[in-house]
Amino acid sequence: MIRFVPTNRLEPGDIVARPIFGANGAVLLRPGAVLSAFEIRRLAALGFPGVYVRDPDSPVTDVPDVISDATRAAAINRLWHTFRDLEQGNRIHCAPLFDSIDEMLSDILSEPDVVVNLGDLRTHDGYTFGHSVNVAAMSLLIGHDLGLSIKELRTLGVGALLHDIGKIAIPPETLRQRGPLTSEQWQMIRQHPRMGFDILRRYYEFSLAIAHIAYQHHERLDGSGYPRGLTGDSIHRYARIVAVVDIYDAMRSERVYRPAVPVHEVLEEIRKGAGEKFAPEVVNRLLRRVAPYPVGTTVLLTTGEVGVVIEVPAEQRDRPVVRVLLNPSGRPVKGQLLRQLAKEEDVGIERVG
Ligand SMILES: [Fe+2]
């Protein structure tokens, strides 16, 4: 049984239930580790939003992930090396990046019906790496659902993994800045897709499509994107996938300047942009894959009861199974009371939190 606890509410003695990765993909804390006051302070200092801990009273048994912890850690580590190589003026090692995409593909193909339930628990500093790995995994999932071949998926996956590589040219202080950006800083950020393209096209191992994913991932169908303001079909179809997944994962993440947006609100926002900014076929696939109320979410039901989502049915992702913890008058419910929203049509979710 596991429970997500925000870092400021962790207590010494809490036992880690899911591994915690550092910015380079190394495991900082393994499952089973007992947290000390020192480690909790360190997690807070590193900017971790929270930790999955063991909790015998929690109704949540496990939170499935799209890719395995090992695949995720290796991919983050390879990206970290890639950025470091570039910073030091060395050539990128391309083969390990394709290896990571192959590992992600085999994870995804072995669990083809996986529901997207959680992001990773990244720090602010490790943002680009954790984010890029999420974007690659989700792009592969959507590309798979759109019927791309394995060869096409490998291209899409590597492009998605490296979509933000042009950020190497942006000073880290700018990326981490809390306040509004100056117009020069904003100009520099708008150039990262082109920078990425210029880097990637120098490698014969990377096809032009991979470089174009980096170049076009901030373009929008209506021409409101950057850097070139491309419209509609002139945006590469792989870039149209990565654009949607990128915005989804960015909104889902906690940032220095704002907390994470709840999943159902992110999906609503993306749904509103379908056809105008985002490719509708991509948005449809995303909506079919992602649980709007992921496992572990606390919800207030229209009955006035408060509970926790413990399961998300594959057929009706917006109608989860909720274990009721408090009755409408706020008293704890004794025993196992489940609301299966897929079967109880008159019960809905009033709000999250
Ligand atoms: Fe970007």
# chains A, B, ... in the order shown; residues from 1 in each chain; ligands from 1
>>> residues_near_ligand(ligand="ligand 1", cutoff="7 Å", atoms="only C-alpha atoms and all ligand atoms", output="list in words")
His163, Asp164, His192, Pro193, His217 and His218 of chain A
>>> write_last_selection(atoms="all heavy atoms", output="PDB file, in the first residue's frame")
ATOM      1  N   HIS A 163      13.942  16.801 -28.080  1.00  0.00           N
ATOM      2  CA  HIS A 163      13.234  17.971 -28.609  1.00  0.00           C
ATOM      3  C   HIS A 163      13.735  19.289 -27.999  1.00  0.00           C
ATOM      4  O   HIS A 163      13.708  20.317 -28.640  1.00  0.00           O
ATOM      5  CB  HIS A 163      11.717  17.831 -28.428  1.00  0.00           C
ATOM      6  CG  HIS A 163      11.231  18.017 -27.024  1.00  0.00           C
ATOM      7  ND1 HIS A 163      11.289  17.010 -26.079  1.00  0.00           N
ATOM      8  CD2 HIS A 163      10.700  19.091 -26.383  1.00  0.00           C
ATOM      9  CE1 HIS A 163      10.807  17.463 -24.938  1.00  0.00           C
ATOM     10  NE2 HIS A 163      10.441  18.721 -25.083  1.00  0.00           N
ATOM     11  N   ASP A 164      14.175  19.233 -26.736  1.00  0.00           N
ATOM     12  CA  ASP A 164      14.601  20.468 -26.072  1.00  0.00           C
ATOM     13  C   ASP A 164      16.119  20.615 -26.030  1.00  0.00           C
ATOM     14  O   ASP A 164      16.638  21.404 -25.233  1.00  0.00           O
ATOM     15  CB  ASP A 164      14.054  20.508 -24.632  1.00  0.00           C
ATOM     16  CG  ASP A 164      12.758  21.303 -24.545  1.00  0.00           C
ATOM     17  OD1 ASP A 164      12.428  22.030 -25.511  1.00  0.00           O
ATOM     18  OD2 ASP A 164      12.077  21.186 -23.506  1.00  0.00           O
ATOM     19  N   HIS A 192      15.347  28.276 -28.986  1.00  0.00           N
ATOM     20  CA  HIS A 192      15.843  26.929 -28.681  1.00  0.00           C
ATOM     21  C   HIS A 192      15.409  25.863 -29.692  1.00  0.00           C
ATOM     22  O   HIS A 192      16.172  24.937 -29.946  1.00  0.00           O
ATOM     23  CB  HIS A 192      15.548  26.508 -27.224  1.00  0.00           C
ATOM     24  CG  HIS A 192      14.173  26.006 -26.958  1.00  0.00           C
ATOM     25  ND1 HIS A 192      13.116  26.821 -26.672  1.00  0.00           N
ATOM     26  CD2 HIS A 192      13.674  24.742 -26.941  1.00  0.00           C
ATOM     27  CE1 HIS A 192      12.038  26.093 -26.494  1.00  0.00           C
ATOM     28  NE2 HIS A 192      12.335  24.830 -26.650  1.00  0.00           N
ATOM     29  N   PRO A 193      14.231  25.990 -30.343  1.00  0.00           N
ATOM     30  CA  PRO A 193      13.926  24.968 -31.359  1.00  0.00           C
ATOM     31  C   PRO A 193      14.918  25.005 -32.541  1.00  0.00           C
ATOM     32  O   PRO A 193      15.367  23.968 -33.017  1.00  0.00           O
ATOM     33  CB  PRO A 193      12.518  25.347 -31.821  1.00  0.00           C
ATOM     34  CG  PRO A 193      11.925  26.091 -30.660  1.00  0.00           C
ATOM     35  CD  PRO A 193      13.074  26.871 -30.097  1.00  0.00           C
ATOM     36  N   HIS A 217       8.567  21.781 -32.477  1.00  0.00           N
ATOM     37  CA  HIS A 217       7.697  21.328 -31.379  1.00  0.00           C
ATOM     38  C   HIS A 217       6.938  22.448 -30.677  1.00  0.00           C
ATOM     39  O   HIS A 217       6.044  22.179 -29.879  1.00  0.00           O
ATOM     40  CB  HIS A 217       8.482  20.466 -30.370  1.00  0.00           C
ATOM     41  CG  HIS A 217       9.419  21.227 -29.477  1.00  0.00           C
ATOM     42  ND1 HIS A 217      10.685  21.587 -29.860  1.00  0.00           N
ATOM     43  CD2 HIS A 217       9.278  21.691 -28.211  1.00  0.00           C
ATOM     44  CE1 HIS A 217      11.274  22.240 -28.870  1.00  0.00           C
ATOM     45  NE2 HIS A 217      10.444  22.314 -27.859  1.00  0.00           N
ATOM     46  N   HIS A 218       7.259  23.722 -30.967  1.00  0.00           N
ATOM     47  CA  HIS A 218       6.464  24.820 -30.395  1.00  0.00           C
ATOM     48  C   HIS A 218       5.581  25.487 -31.448  1.00  0.00           C
ATOM     49  O   HIS A 218       5.002  26.545 -31.191  1.00  0.00           O
ATOM     50  CB  HIS A 218       7.376  25.866 -29.735  1.00  0.00           C
ATOM     51  CG  HIS A 218       7.932  25.411 -28.418  1.00  0.00           C
ATOM     52  ND1 HIS A 218       7.140  25.257 -27.299  1.00  0.00           N
ATOM     53  CD2 HIS A 218       9.174  25.048 -28.046  1.00  0.00           C
ATOM     54  CE1 HIS A 218       7.895  24.831 -26.285  1.00  0.00           C
ATOM     55  NE2 HIS A 218       9.132  24.693 -26.715  1.00  0.00           N
TER      56      HIS A 218
END
>>> residues_around(residues="segment 265-267 of chain A", least_positions_apart="4", cutoff="10 Å", atoms="only C-alpha atoms", output="JSON, numbers by chain")
{"A": [247, 248, 249, 250, 251, 252, 260, 261, 271, 272, 273, 283, 286, 287, 290, 291, 292]}
>>> select_by_dssp(residues="segment 159-339 of chain A", states="strand (DSSP E or B)", output="PyMOL selection string")
chain A and resi 255+258+274+278+290+298-301+306-311+321-326+332+338-339
>>> atom_distance(atom1="atom CA of His81 of chain A", atom2="atom CA of Phe98 of chain A")
14.0 Å
>>> closest_residue(among="A:Pro112, A:Glu103, A:Val306, A:Thr82", to="Arg154 of chain A", atoms="only C-alpha atoms")
A:Glu103
>>> residues_around(residues="Ala70 of chain A", least_positions_apart="6", cutoff="12 Å", atoms="only C-alpha atoms", output="number ranges by chain")
A: 18-21, 25-27, 76-77, 100, 103-104, 107
>>> closest_residue(among="A:Arg228, A:Ile165, A:Pro180, A:Ser234", to="Ala214 of chain A", atoms="only C-alpha atoms")
A:Ile165
>>> closest_residue(among="A:Val63, A:Ala73, A:Val133, A:Val53", to="Val114 of chain A", atoms="only C-alpha atoms")
A:Val63
>>> atom_distance(atom1="atom CA of Ile349 of chain A", atom2="atom CA of Gly335 of chain A")
21.5 Å
>>> atom_distance(atom1="atom CA of Pro12 of chain A", atom2="atom CA of Leu46 of chain A")
17.3 Å
>>> residues_around(residues="Val321 of chain A", least_positions_apart="2", cutoff="9 Å", atoms="only C-alpha atoms", output="ChimeraX atom specification")
/A:308-313,319,323,338-342
>>> residues_around(residues="Met138 of chain A", least_positions_apart="6", cutoff="12 Å", atoms="only C-alpha atoms", output="PDB file with N, CA and C atoms, in the first residue's frame")
ATOM      1  N   ASP A  65       3.067   2.586 -14.207  1.00  0.00           N
ATOM      2  CA  ASP A  65       3.748   3.606 -15.003  1.00  0.00           C
ATOM      3  C   ASP A  65       3.884   3.100 -16.437  1.00  0.00           C
ATOM      4  N   VAL A  66       4.038   4.033 -17.373  1.00  0.00           N
ATOM      5  CA  VAL A  66       4.134   3.687 -18.794  1.00  0.00           C
ATOM      6  C   VAL A  66       5.423   2.919 -19.086  1.00  0.00           C
ATOM      7  N   ILE A  67       6.521   3.374 -18.459  1.00  0.00           N
ATOM      8  CA  ILE A  67       7.804   2.679 -18.644  1.00  0.00           C
ATOM      9  C   ILE A  67       8.331   2.281 -17.267  1.00  0.00           C
ATOM     10  N   ILE A 101      15.182   4.394 -26.502  1.00  0.00           N
ATOM     11  CA  ILE A 101      13.874   4.364 -27.179  1.00  0.00           C
ATOM     12  C   ILE A 101      13.432   2.909 -27.374  1.00  0.00           C
ATOM     13  N   MET A 104      12.080   1.707 -24.105  1.00  0.00           N
ATOM     14  CA  MET A 104      10.732   2.264 -23.867  1.00  0.00           C
ATOM     15  C   MET A 104       9.700   1.539 -24.717  1.00  0.00           C
ATOM     16  N   LEU A 105      10.063   1.281 -25.992  1.00  0.00           N
ATOM     17  CA  LEU A 105       9.128   0.596 -26.894  1.00  0.00           C
ATOM     18  C   LEU A 105       8.802  -0.792 -26.380  1.00  0.00           C
ATOM     19  N   ASP A 107       8.869  -1.816 -23.276  1.00  0.00           N
ATOM     20  CA  ASP A 107       7.984  -1.658 -22.109  1.00  0.00           C
ATOM     21  C   ASP A 107       6.542  -1.400 -22.557  1.00  0.00           C
ATOM     22  N   ILE A 108       6.404  -0.488 -23.529  1.00  0.00           N
ATOM     23  CA  ILE A 108       5.066  -0.086 -23.966  1.00  0.00           C
ATOM     24  C   ILE A 108       4.355  -1.236 -24.690  1.00  0.00           C
ATOM     25  N   VAL A 114      -1.835   0.151 -21.153  1.00  0.00           N
ATOM     26  CA  VAL A 114      -1.521   0.926 -19.951  1.00  0.00           C
ATOM     27  C   VAL A 114      -2.230   2.293 -19.950  1.00  0.00           C
ATOM     28  N   VAL A 115      -2.758   2.639 -18.784  1.00  0.00           N
ATOM     29  CA  VAL A 115      -3.386   3.940 -18.608  1.00  0.00           C
ATOM     30  C   VAL A 115      -2.329   4.855 -17.986  1.00  0.00           C
ATOM     31  N   VAL A 116      -2.219   6.065 -18.526  1.00  0.00           N
ATOM     32  CA  VAL A 116      -1.211   6.983 -17.991  1.00  0.00           C
ATOM     33  C   VAL A 116      -1.719   7.563 -16.674  1.00  0.00           C
ATOM     34  N   ASN A 117      -1.029   7.219 -15.597  1.00  0.00           N
ATOM     35  CA  ASN A 117      -1.496   7.544 -14.263  1.00  0.00           C
ATOM     36  C   ASN A 117      -0.620   8.502 -13.491  1.00  0.00           C
ATOM     37  N   LEU A 118       0.636   8.578 -13.839  1.00  0.00           N
ATOM     38  CA  LEU A 118       1.497   9.464 -13.050  1.00  0.00           C
ATOM     39  C   LEU A 118       2.664   9.945 -13.874  1.00  0.00           C
ATOM     40  N   GLY A 119       3.208  11.064 -13.452  1.00  0.00           N
ATOM     41  CA  GLY A 119       4.466  11.512 -14.030  1.00  0.00           C
ATOM     42  C   GLY A 119       5.541  11.050 -13.077  1.00  0.00           C
ATOM     43  N   HIS A 131      11.504  15.631 -17.916  1.00  0.00           N
ATOM     44  CA  HIS A 131      10.454  16.053 -18.852  1.00  0.00           C
ATOM     45  C   HIS A 131      10.664  15.389 -20.220  1.00  0.00           C
ATOM     46  N   SER A 132      11.896  15.405 -20.709  1.00  0.00           N
ATOM     47  CA  SER A 132      12.159  14.852 -22.041  1.00  0.00           C
ATOM     48  C   SER A 132      11.872  13.350 -22.088  1.00  0.00           C
ATOM     49  N   HIS A 144       2.151   4.982 -31.343  1.00  0.00           N
ATOM     50  CA  HIS A 144       1.707   3.584 -31.432  1.00  0.00           C
ATOM     51  C   HIS A 144       0.197   3.530 -31.697  1.00  0.00           C
ATOM     52  N   ASP A 145      -0.564   4.337 -30.958  1.00  0.00           N
ATOM     53  CA  ASP A 145      -2.023   4.360 -31.128  1.00  0.00           C
ATOM     54  C   ASP A 145      -2.424   4.904 -32.500  1.00  0.00           C
ATOM     55  N   LEU A 153       8.363   4.844 -35.198  1.00  0.00           N
ATOM     56  CA  LEU A 153       8.330   5.129 -33.760  1.00  0.00           C
ATOM     57  C   LEU A 153       9.726   5.437 -33.208  1.00  0.00           C
ATOM     58  N   LEU A 156      10.420   9.000 -34.180  1.00  0.00           N
ATOM     59  CA  LEU A 156       9.602   9.866 -33.332  1.00  0.00           C
ATOM     60  C   LEU A 156      10.166   9.907 -31.907  1.00  0.00           C
ATOM     61  N   GLY A 157      10.529   8.740 -31.380  1.00  0.00           N
ATOM     62  CA  GLY A 157      10.994   8.647 -29.993  1.00  0.00           C
ATOM     63  C   GLY A 157      12.286   9.404 -29.756  1.00  0.00           C
ATOM     64  N   ALA A 160      11.621  13.075 -29.927  1.00  0.00           N
ATOM     65  CA  ALA A 160      10.919  13.533 -28.722  1.00  0.00           C
ATOM     66  C   ALA A 160      11.892  13.637 -27.548  1.00  0.00           C
ATOM     67  N   LEU A 161      12.788  12.661 -27.442  1.00  0.00           N
ATOM     68  CA  LEU A 161      13.769  12.663 -26.348  1.00  0.00           C
ATOM     69  C   LEU A 161      14.692  13.878 -26.435  1.00  0.00           C
ATOM     70  N   ILE A 241       2.688  15.588 -32.876  1.00  0.00           N
ATOM     71  CA  ILE A 241       2.514  14.695 -31.716  1.00  0.00           C
ATOM     72  C   ILE A 241       3.272  15.252 -30.511  1.00  0.00           C
ATOM     73  N   VAL A 242       4.545  15.576 -30.736  1.00  0.00           N
ATOM     74  CA  VAL A 242       5.394  16.019 -29.622  1.00  0.00           C
ATOM     75  C   VAL A 242       4.870  17.338 -29.037  1.00  0.00           C
ATOM     76  N   ALA A 243       4.303  18.213 -29.876  1.00  0.00           N
ATOM     77  CA  ALA A 243       3.772  19.488 -29.378  1.00  0.00           C
ATOM     78  C   ALA A 243       2.704  19.261 -28.308  1.00  0.00           C
ATOM     79  N   VAL A 244       1.803  18.319 -28.569  1.00  0.00           N
ATOM     80  CA  VAL A 244       0.703  18.068 -27.630  1.00  0.00           C
ATOM     81  C   VAL A 244       1.226  17.419 -26.340  1.00  0.00           C
ATOM     82  N   VAL A 245       2.077  16.422 -26.501  1.00  0.00           N
ATOM     83  CA  VAL A 245       2.607  15.718 -25.337  1.00  0.00           C
ATOM     84  C   VAL A 245       3.467  16.663 -24.487  1.00  0.00           C
ATOM     85  N   ASP A 246       4.225  17.534 -25.158  1.00  0.00           N
ATOM     86  CA  ASP A 246       5.090  18.494 -24.472  1.00  0.00           C
ATOM     87  C   ASP A 246       4.267  19.413 -23.577  1.00  0.00           C
ATOM     88  N   ILE A 247       3.188  19.952 -24.108  1.00  0.00           N
ATOM     89  CA  ILE A 247       2.371  20.888 -23.323  1.00  0.00           C
ATOM     90  C   ILE A 247       1.686  20.136 -22.177  1.00  0.00           C
ATOM     91  N   TYR A 248       1.253  18.910 -22.458  1.00  0.00           N
ATOM     92  CA  TYR A 248       0.634  18.092 -21.402  1.00  0.00           C
ATOM     93  C   TYR A 248       1.610  17.905 -20.243  1.00  0.00           C
ATOM     94  N   ASP A 249       2.822  17.456 -20.537  1.00  0.00           N
ATOM     95  CA  ASP A 249       3.768  17.163 -19.459  1.00  0.00           C
ATOM     96  C   ASP A 249       4.247  18.440 -18.757  1.00  0.00           C
ATOM     97  N   VAL A 282      -4.268  13.737 -32.578  1.00  0.00           N
ATOM     98  CA  VAL A 282      -3.308  13.540 -31.480  1.00  0.00           C
ATOM     99  C   VAL A 282      -4.005  13.783 -30.134  1.00  0.00           C
ATOM    100  N   ARG A 285      -6.187  10.847 -29.159  1.00  0.00           N
ATOM    101  CA  ARG A 285      -5.416   9.705 -28.640  1.00  0.00           C
ATOM    102  C   ARG A 285      -4.942   9.974 -27.224  1.00  0.00           C
ATOM    103  N   LEU A 286      -4.507  11.204 -26.973  1.00  0.00           N
ATOM    104  CA  LEU A 286      -4.048  11.548 -25.622  1.00  0.00           C
ATOM    105  C   LEU A 286      -5.200  11.392 -24.615  1.00  0.00           C
ATOM    106  N   LEU A 287      -6.376  11.916 -24.984  1.00  0.00           N
ATOM    107  CA  LEU A 287      -7.524  11.843 -24.076  1.00  0.00           C
ATOM    108  C   LEU A 287      -7.906  10.398 -23.784  1.00  0.00           C
ATOM    109  N   ARG A 289      -5.789   7.954 -23.545  1.00  0.00           N
ATOM    110  CA  ARG A 289      -4.704   7.276 -22.825  1.00  0.00           C
ATOM    111  C   ARG A 289      -4.550   7.708 -21.380  1.00  0.00           C
ATOM    112  N   VAL A 290      -4.912   8.963 -21.106  1.00  0.00           N
ATOM    113  CA  VAL A 290      -4.561   9.542 -19.806  1.00  0.00           C
ATOM    114  C   VAL A 290      -5.755   9.487 -18.857  1.00  0.00           C
TER     115      VAL A 290
END
>>> residues_around(residues="Arg351 of chain A", least_positions_apart="4", cutoff="8 Å", atoms="only C-alpha atoms", output="tab-separated table (two decimals) with N, CA and C atoms, in the first residue's frame")
chain	number	residue	atom	x	y	z
A	299	VAL	N	-10.79	12.84	-4.10
A	299	VAL	CA	-11.90	13.48	-4.81
A	299	VAL	C	-13.10	13.68	-3.88
A	300	LEU	N	-13.84	14.77	-4.13
A	300	LEU	CA	-15.13	14.98	-3.48
A	300	LEU	C	-16.19	14.53	-4.48
A	301	LEU	N	-17.03	13.59	-4.05
A	301	LEU	CA	-18.06	13.06	-4.96
A	301	LEU	C	-19.33	13.92	-4.84
